[in-house]
>>> print(open('upload25.cif').read())   # mmCIF, C-alpha atoms
data_data
#
loop_
_atom_site.label_atom_id
_atom_site.label_comp_id
_atom_site.auth_asym_id
_atom_site.auth_seq_id
_atom_site.Cartn_x
_atom_site.Cartn_y
_atom_site.Cartn_z
CA MET A 1 -2.09 -65.62 21.99
CA LYS A 2 -2.22 -66.55 18.30
CA LYS A 3 -2.43 -62.87 17.31
CA ILE A 4 0.63 -62.05 19.40
CA LEU A 5 2.62 -64.87 17.81
CA VAL A 6 1.63 -63.72 14.32
CA LEU A 7 2.70 -60.16 15.16
CA ILE A 8 6.06 -61.30 16.50
CA PHE A 9 6.66 -63.53 13.49
CA GLY A 10 5.90 -60.63 11.15
CA CYS A 11 8.34 -58.33 12.94
CA LEU A 12 11.10 -60.93 12.81
CA VAL A 13 10.50 -61.61 9.11
CA LEU A 14 10.79 -57.88 8.38
CA ALA A 15 13.97 -57.67 10.43
CA GLY A 16 15.39 -60.68 8.63
CA ALA A 17 14.57 -59.14 5.26
CA ALA A 18 16.29 -55.93 6.29
CA PHE A 19 19.45 -57.91 7.11
CA ALA A 20 19.30 -60.02 3.91
CA ALA A 21 22.45 -59.59 1.83
CA PRO A 22 21.78 -57.04 -0.96
CA THR A 23 23.74 -56.69 -4.20
CA PRO A 24 26.93 -54.83 -3.22
CA CYS A 25 28.15 -51.94 -5.34
CA PRO A 26 31.10 -53.26 -7.43
CA THR A 27 34.60 -51.90 -7.91
CA GLY A 28 35.46 -51.44 -11.57
CA ALA A 29 34.63 -49.48 -14.71
CA TYR A 30 31.58 -47.22 -14.55
CA THR A 31 30.07 -49.25 -17.40
CA LEU A 32 29.23 -51.89 -14.76
CA TYR A 33 26.73 -49.40 -13.33
CA LEU A 34 25.13 -48.48 -16.65
CA VAL A 35 23.33 -51.80 -17.12
CA PRO A 36 19.58 -51.06 -17.41
CA SER A 37 17.78 -51.15 -14.04
CA PHE A 38 21.06 -51.78 -12.17
CA THR A 39 20.76 -51.25 -8.41
CA CYS A 40 23.33 -51.81 -5.66
CA THR A 41 23.70 -51.21 -1.94
CA GLU A 42 26.35 -49.82 0.39
CA GLY A 43 25.58 -50.05 4.09
CA ASN A 44 22.25 -48.32 4.70
CA LEU A 45 21.92 -46.84 1.22
CA THR A 46 20.70 -48.09 -2.16
CA PHE A 47 22.01 -46.58 -5.41
CA SER A 48 20.21 -46.69 -8.75
CA ALA A 49 19.31 -44.77 -11.96
CA PHE A 50 22.95 -44.41 -13.05
CA GLY A 51 23.64 -42.37 -16.18
CA TYR A 52 26.58 -40.88 -18.07
CA SER A 53 27.49 -38.55 -20.92
CA GLY A 54 30.90 -37.26 -21.95
CA THR A 55 31.79 -34.33 -24.21
CA ALA A 56 35.03 -32.54 -25.13
CA ASN A 57 36.74 -30.06 -27.40
CA PRO A 58 38.36 -31.40 -29.51
CA PRO A 59 35.75 -34.24 -29.54
CA GLY A 60 38.46 -36.91 -29.50
CA LEU A 61 39.33 -35.95 -25.91
CA ALA A 62 35.95 -37.10 -24.53
CA ILE A 63 36.25 -39.53 -21.59
CA PRO A 64 34.26 -42.76 -22.17
CA ALA A 65 32.39 -44.37 -19.27
CA GLY A 66 34.72 -47.38 -19.46
CA SER A 67 37.69 -45.13 -18.60
CA ILE A 68 36.16 -44.07 -15.27
CA ASN A 69 36.95 -46.42 -12.39
CA VAL A 70 34.51 -46.59 -9.48
CA THR A 71 35.41 -47.62 -5.92
CA PRO A 72 32.62 -47.82 -3.32
CA GLN A 73 33.28 -45.85 -0.11
CA LEU A 74 32.17 -48.16 2.69
CA VAL A 75 32.61 -46.05 5.82
CA PRO A 76 29.48 -46.86 7.92
CA GLY A 77 27.06 -43.96 7.87
CA ASN A 78 29.08 -42.11 5.20
CA GLU A 79 28.76 -44.24 2.08
CA GLY A 80 29.44 -43.11 -1.48
CA PHE A 81 31.83 -43.47 -4.40
CA LEU A 82 35.36 -42.61 -5.50
CA PHE A 83 35.48 -41.84 -9.24
CA GLN A 84 38.92 -41.97 -10.88
CA SER A 85 39.96 -41.13 -14.42
CA GLY A 86 42.38 -39.01 -16.46
CA TRP A 87 40.55 -35.73 -16.95
CA ASN A 88 43.44 -33.70 -18.39
CA VAL A 89 43.57 -30.90 -20.99
CA SER A 90 46.10 -28.38 -22.25
CA GLN A 91 46.14 -25.45 -24.64
CA GLN A 92 45.59 -26.54 -28.25
CA ALA A 93 47.26 -25.15 -31.39
CA GLY A 94 45.75 -21.84 -32.39
CA ASN A 95 44.88 -20.97 -28.77
CA ILE A 96 41.84 -23.25 -28.87
CA ASN A 97 40.12 -23.56 -25.51
CA ALA A 98 40.19 -27.31 -24.81
CA PHE A 99 37.84 -28.96 -22.33
CA GLN A 100 36.57 -32.30 -21.07
CA ASP A 101 33.19 -32.68 -19.42
CA SER A 102 31.75 -35.80 -17.77
CA LEU A 103 28.18 -35.84 -16.47
CA ILE A 104 27.39 -38.60 -13.94
CA THR A 105 23.84 -39.06 -12.63
CA LEU A 106 22.46 -41.35 -9.94
CA THR A 107 19.78 -41.67 -7.27
CA VAL A 108 20.31 -42.62 -3.63
CA THR A 109 17.59 -43.99 -1.36
CA GLY A 110 17.76 -44.57 2.38
CA PHE A 111 17.79 -42.08 5.23
CA ILE A 112 20.13 -39.24 4.21
CA THR A 113 21.14 -36.11 6.12
CA ASN A 114 23.97 -34.55 4.10
CA LEU A 115 25.95 -34.62 0.89
CA GLU A 116 29.74 -34.24 0.58
CA LEU A 117 31.95 -33.63 -2.45
CA PHE A 118 35.77 -33.78 -2.75
CA PHE A 119 38.22 -33.57 -5.67
CA ASN A 120 41.92 -33.02 -6.46
CA GLY A 121 41.76 -30.58 -9.37
CA SER A 122 45.02 -28.89 -10.40
CA VAL A 123 45.70 -26.12 -12.94
CA THR A 124 48.34 -23.92 -14.51
CA GLY A 125 47.95 -20.60 -16.30
CA THR A 126 44.39 -20.02 -17.51
CA GLY A 127 43.27 -23.56 -16.66
CA LEU A 128 40.10 -24.26 -14.68
CA SER A 129 38.94 -27.43 -12.91
CA ASN A 130 35.67 -27.93 -11.09
CA VAL A 131 32.93 -30.36 -10.13
CA THR A 132 29.38 -29.03 -9.91
CA GLU A 133 26.70 -31.25 -8.40
CA ASN A 134 23.01 -30.41 -8.70
CA TYR A 135 20.67 -32.34 -6.42
CA CYS A 136 16.98 -32.80 -5.70
CA LEU A 137 15.60 -34.08 -2.39
CA ASN A 138 12.86 -36.74 -2.42
CA HIS A 139 12.28 -36.30 -6.16
CA ASP A 140 13.87 -36.87 -9.57
CA LEU A 141 15.99 -34.04 -10.93
CA SER A 142 13.52 -33.69 -13.77
CA GLY A 143 10.67 -31.50 -12.53
CA CYS A 144 12.25 -31.03 -9.10
CA PRO A 145 9.81 -29.04 -6.91
CA MET A 146 10.76 -25.55 -5.77
CA GLY A 147 12.59 -25.68 -2.46
CA SER A 148 13.83 -29.25 -3.00
CA SER A 149 16.77 -28.50 -5.30
CA GLY A 150 20.27 -27.27 -4.58
CA GLN A 151 23.87 -27.20 -5.78
CA ILE A 152 27.25 -28.03 -4.30
CA LYS A 153 30.56 -27.22 -6.00
CA VAL A 154 34.32 -27.69 -5.68
CA THR A 155 36.74 -25.58 -7.74
CA ASN A 156 40.32 -24.68 -8.57
CA PRO A 157 40.76 -21.73 -8.89
CA PRO A 158 39.83 -20.52 -6.38
CA PRO A 159 41.10 -23.56 -4.45
CA ASN A 160 38.07 -25.14 -2.79
CA PHE A 161 38.64 -28.88 -2.71
CA ASN A 162 35.76 -30.07 -0.52
CA ALA A 163 32.21 -28.96 0.18
CA VAL A 164 29.26 -30.26 2.22
CA VAL A 165 25.57 -29.43 2.44
CA PHE A 166 23.25 -30.41 5.31
CA PHE A 167 19.48 -30.81 5.13
CA ALA A 168 16.59 -32.27 7.11
CA PRO A 169 16.54 -36.08 6.79
CA VAL A 170 15.23 -37.30 3.41
CA THR A 171 14.53 -40.77 2.00
CA SER A 172 16.01 -40.12 -1.45
CA ILE A 173 18.30 -37.74 -3.30
CA SER A 174 18.95 -37.54 -7.05
CA VAL A 175 22.24 -36.00 -8.17
CA SER A 176 23.86 -34.82 -11.39
CA LYS A 177 27.65 -34.49 -11.10
CA ASP A 178 29.38 -32.38 -13.78
CA ILE A 179 33.16 -32.98 -13.83
CA ASN A 180 34.93 -30.34 -15.95
CA VAL A 181 38.47 -29.35 -16.91
CA THR A 182 39.18 -26.39 -19.21
CA SER A 183 42.55 -25.20 -20.49
CA GLY A 184 41.65 -21.65 -21.40
CA THR A 185 43.88 -20.10 -24.07
CA ASN A 186 47.13 -20.60 -22.17
CA GLY A 187 46.94 -23.24 -19.46
CA THR A 188 46.35 -26.80 -18.33
CA ALA A 189 43.83 -28.46 -16.02
CA SER A 190 43.47 -31.96 -14.58
CA ILE A 191 41.37 -34.03 -12.19
CA SER A 192 42.09 -37.64 -11.28
CA GLN A 193 39.80 -38.21 -8.26
CA VAL A 194 36.26 -37.19 -7.29
CA ILE A 195 34.63 -38.46 -4.08
CA ASN A 196 30.91 -38.23 -3.39
CA ASN A 197 29.59 -39.29 0.04
CA PHE A 198 26.08 -39.42 1.48
CA SER A 199 25.69 -39.48 5.27
CA SER A 200 23.03 -41.73 6.76
CA PRO A 201 22.04 -42.44 10.39
CA GLU A 202 21.49 -45.84 11.98
CA PRO A 203 19.62 -48.17 9.60
CA LEU A 204 15.93 -49.02 9.87
CA SER A 205 16.87 -52.66 10.27
CA PHE A 206 17.88 -52.01 13.86
CA VAL A 207 14.45 -50.58 14.53
CA LEU A 208 12.80 -53.65 13.01
CA LEU A 209 14.99 -56.00 15.02
CA GLY A 210 14.18 -54.01 18.14
CA SER A 211 10.47 -54.42 17.39
CA GLY A 212 10.90 -58.18 17.16
CA LEU A 213 12.78 -58.34 20.45
CA LEU A 214 10.16 -56.16 22.11
CA GLY A 215 7.47 -58.55 20.90
CA LEU A 216 9.34 -61.51 22.37
CA GLY A 217 9.58 -59.67 25.68
CA LEU A 218 5.82 -59.03 25.69
CA LEU A 219 5.15 -62.69 24.91
CA ARG A 220 7.39 -63.82 27.74
CA LYS A 221 5.63 -61.46 30.14
CA ARG A 222 2.21 -62.76 29.05
CA LEU A 223 3.29 -66.38 29.46
CA HIS A 224 4.50 -65.66 33.00
CA LYS A 225 1.11 -64.13 33.83
CA ASN A 226 -0.67 -67.24 32.59
#
>>> encode(input="upload25.cif", output="structure tokens")
Amino acid sequence: MKKILVLIFGCLVLAGAAFAAPTPCPTGAYTLYLVPSFTCTEGNLTFSAFGYSGTANPPGLAIPAGSINVTPQLVPGNEGFLFQSGWNVSQQAGNINAFQDSLITLTVTGFITNLELFFNGSVTGTGLSNVTENYCLNHDLSGCPMGSSGQIKVTNPPPNFNAVVFFAPVTSISVSKDINVTSGTNGTASISQVINNFSSPEPLSFVLLGSGLLGLGLLRKRLHKN
């Protein structure tokens, strides 16, 4: 009897821990996410290892992390982020090819089955806008094993504003999102919104809670027998 009670108590403690309120992902400047060791949670997923670098030509056009606003996407089972900023370039004097490039990196842990990418890039003339996301399943991007890496991309032109990739369920995915606008020698390009979602099935916490309830049922049955 004592062993059964200990088992049930352990299951309920695990279930309670799974339901404990985690640190929610904040809305605000991306600099909030760049604090060392920062980790946050949306629904079933935990996000960590955030990074950023911004480059441009001319260099003064580079987008700083503080100019990127982040809004968590809280749709159950399809969590992620909306990134908003003023990526916008036009032809420079002397037909200089102007560009802005923002590289956002992060790692997602949970139970993940697909990756989605959306953006609203617009162009004129020779302008180009695109977001290229490299990913690695169950491993860091650095040294990603063969067969675990992939790429997803949205572009304009040609107009391809959303893309999705499906894979067998994994427990983590590391991504590197390259947001780029280029004017070419006679054009403009802009992006103001990029959305990145990660689909996840029913959380493990329900399984843990179910285990606890099953244990209570077994205890009740045993008590009736006695």
>>> resolve_selection(input="upload25.cif", expression="the PyMOL selection byres ((chain A and resi 63) around 6)", output="compact mmCIF listing (two decimals) with C-alpha atoms, in the coordinates of the input")
# COMPACT_ATOMS: atom_id res chain seq x y z
CA GLY A 54 30.90 -37.26 -21.95
CA ALA A 62 35.95 -37.10 -24.53
CA PRO A 64 34.26 -42.76 -22.17
>>> closest_residue(input="upload25.cif", among="A:Thr27, A:Asn95, A:Thr124, A:Thr132", to="A:Ser190", atoms="only C-alpha atoms")
A:Thr124
>>> closest_residue(input="upload25.cif", among="A:Ser174, A:Gln84, A:Thr185, A:Ser199", to="A:Ala29", atoms="only C-alpha atoms")
A:Gln84
>>> closest_residue(input="upload25.cif", among="A:Ser142, A:Thr105, A:Asn78, A:Asn114", to="A:Leu45", atoms="only C-alpha atoms")
A:Asn78
>>> resolve_selection(input="upload25.cif", expression="the PyMOL selection byres ((chain A and resi 151-161) around 10)", output="ChimeraX atom specification")
/A:115-124,126-136,149-150,162-165,175-181,189-190,194
>>> resolve_selection(input="upload25.cif", expression="the PyMOL selection byres ((chain A and resi 46) around 10)", output="list in words")
Pro22, Thr23, Pro24, Cys25, Thr39, Cys40, Thr41, Glu42, Gly43, Asn44, Leu45, Phe47, Ser48, Glu79, Thr107, Val108, Thr109, Gly110, Phe111 and Ser172 of chain A
>>> atom_distance(input="upload25.cif", atom1="atom CA of A:Gly143", atom2="atom CA of A:Val170")
17.6 Å
>>> atom_distance(input="upload25.cif", atom1="atom CA of A:Ile96", atom2="atom CA of A:Phe83")
27.8 Å
>>> closest_residue(input="upload25.cif", among="A:Pro145, A:Gly94, A:Pro169, A:Gly28", to="A:Asn69", atoms="all atoms listed in the file")
A:Gly28
>>> atom_distance(input="upload25.cif", atom1="atom CA of A:Ser200", atom2="atom CA of A:Gly77")
4.7 Å
>>> residues_around(input="upload25.cif", residues="A:Pro36", least_positions_apart="5", cutoff="12 Å", atoms="only C-alpha atoms", output="compact mmCIF listing (two decimals) with C-alpha atoms, keeping the file's coordinate frame")
# COMPACT_ATOMS: atom_id res chain seq x y z
CA THR A 31 30.07 -49.25 -17.40
CA SER A 48 20.21 -46.69 -8.75
CA ALA A 49 19.31 -44.77 -11.96
CA PHE A 50 22.95 -44.41 -13.05
CA GLY A 51 23.64 -42.37 -16.18
>>> residues_near_point(input="upload25.cif", point="(25.6, -35.3, -18.4)", cutoff="7 Å", atoms="all atoms listed in the file", output="PDB file with C-alpha atoms, in the frame of the given file")
ATOM      1  CA  TYR A  52      26.580 -40.880 -18.070  1.00  0.00           C
ATOM      2  CA  SER A  53      27.490 -38.550 -20.920  1.00  0.00           C
ATOM      3  CA  GLY A  54      30.900 -37.260 -21.950  1.00  0.00           C
ATOM      4  CA  SER A 102      31.750 -35.800 -17.770  1.00  0.00           C
ATOM      5  CA  LEU A 103      28.180 -35.840 -16.470  1.00  0.00           C
ATOM      6  CA  ILE A 104      27.390 -38.600 -13.940  1.00  0.00           C
ATOM      7  CA  ASP A 178      29.380 -32.380 -13.780  1.00  0.00           C
TER       8      ASP A 178
END
>>> closest_residue(input="upload25.cif", among="A:Leu61, A:Ala98, A:Val89, A:Leu106", to="A:Tyr33", atoms="only C-alpha atoms")
A:Leu106
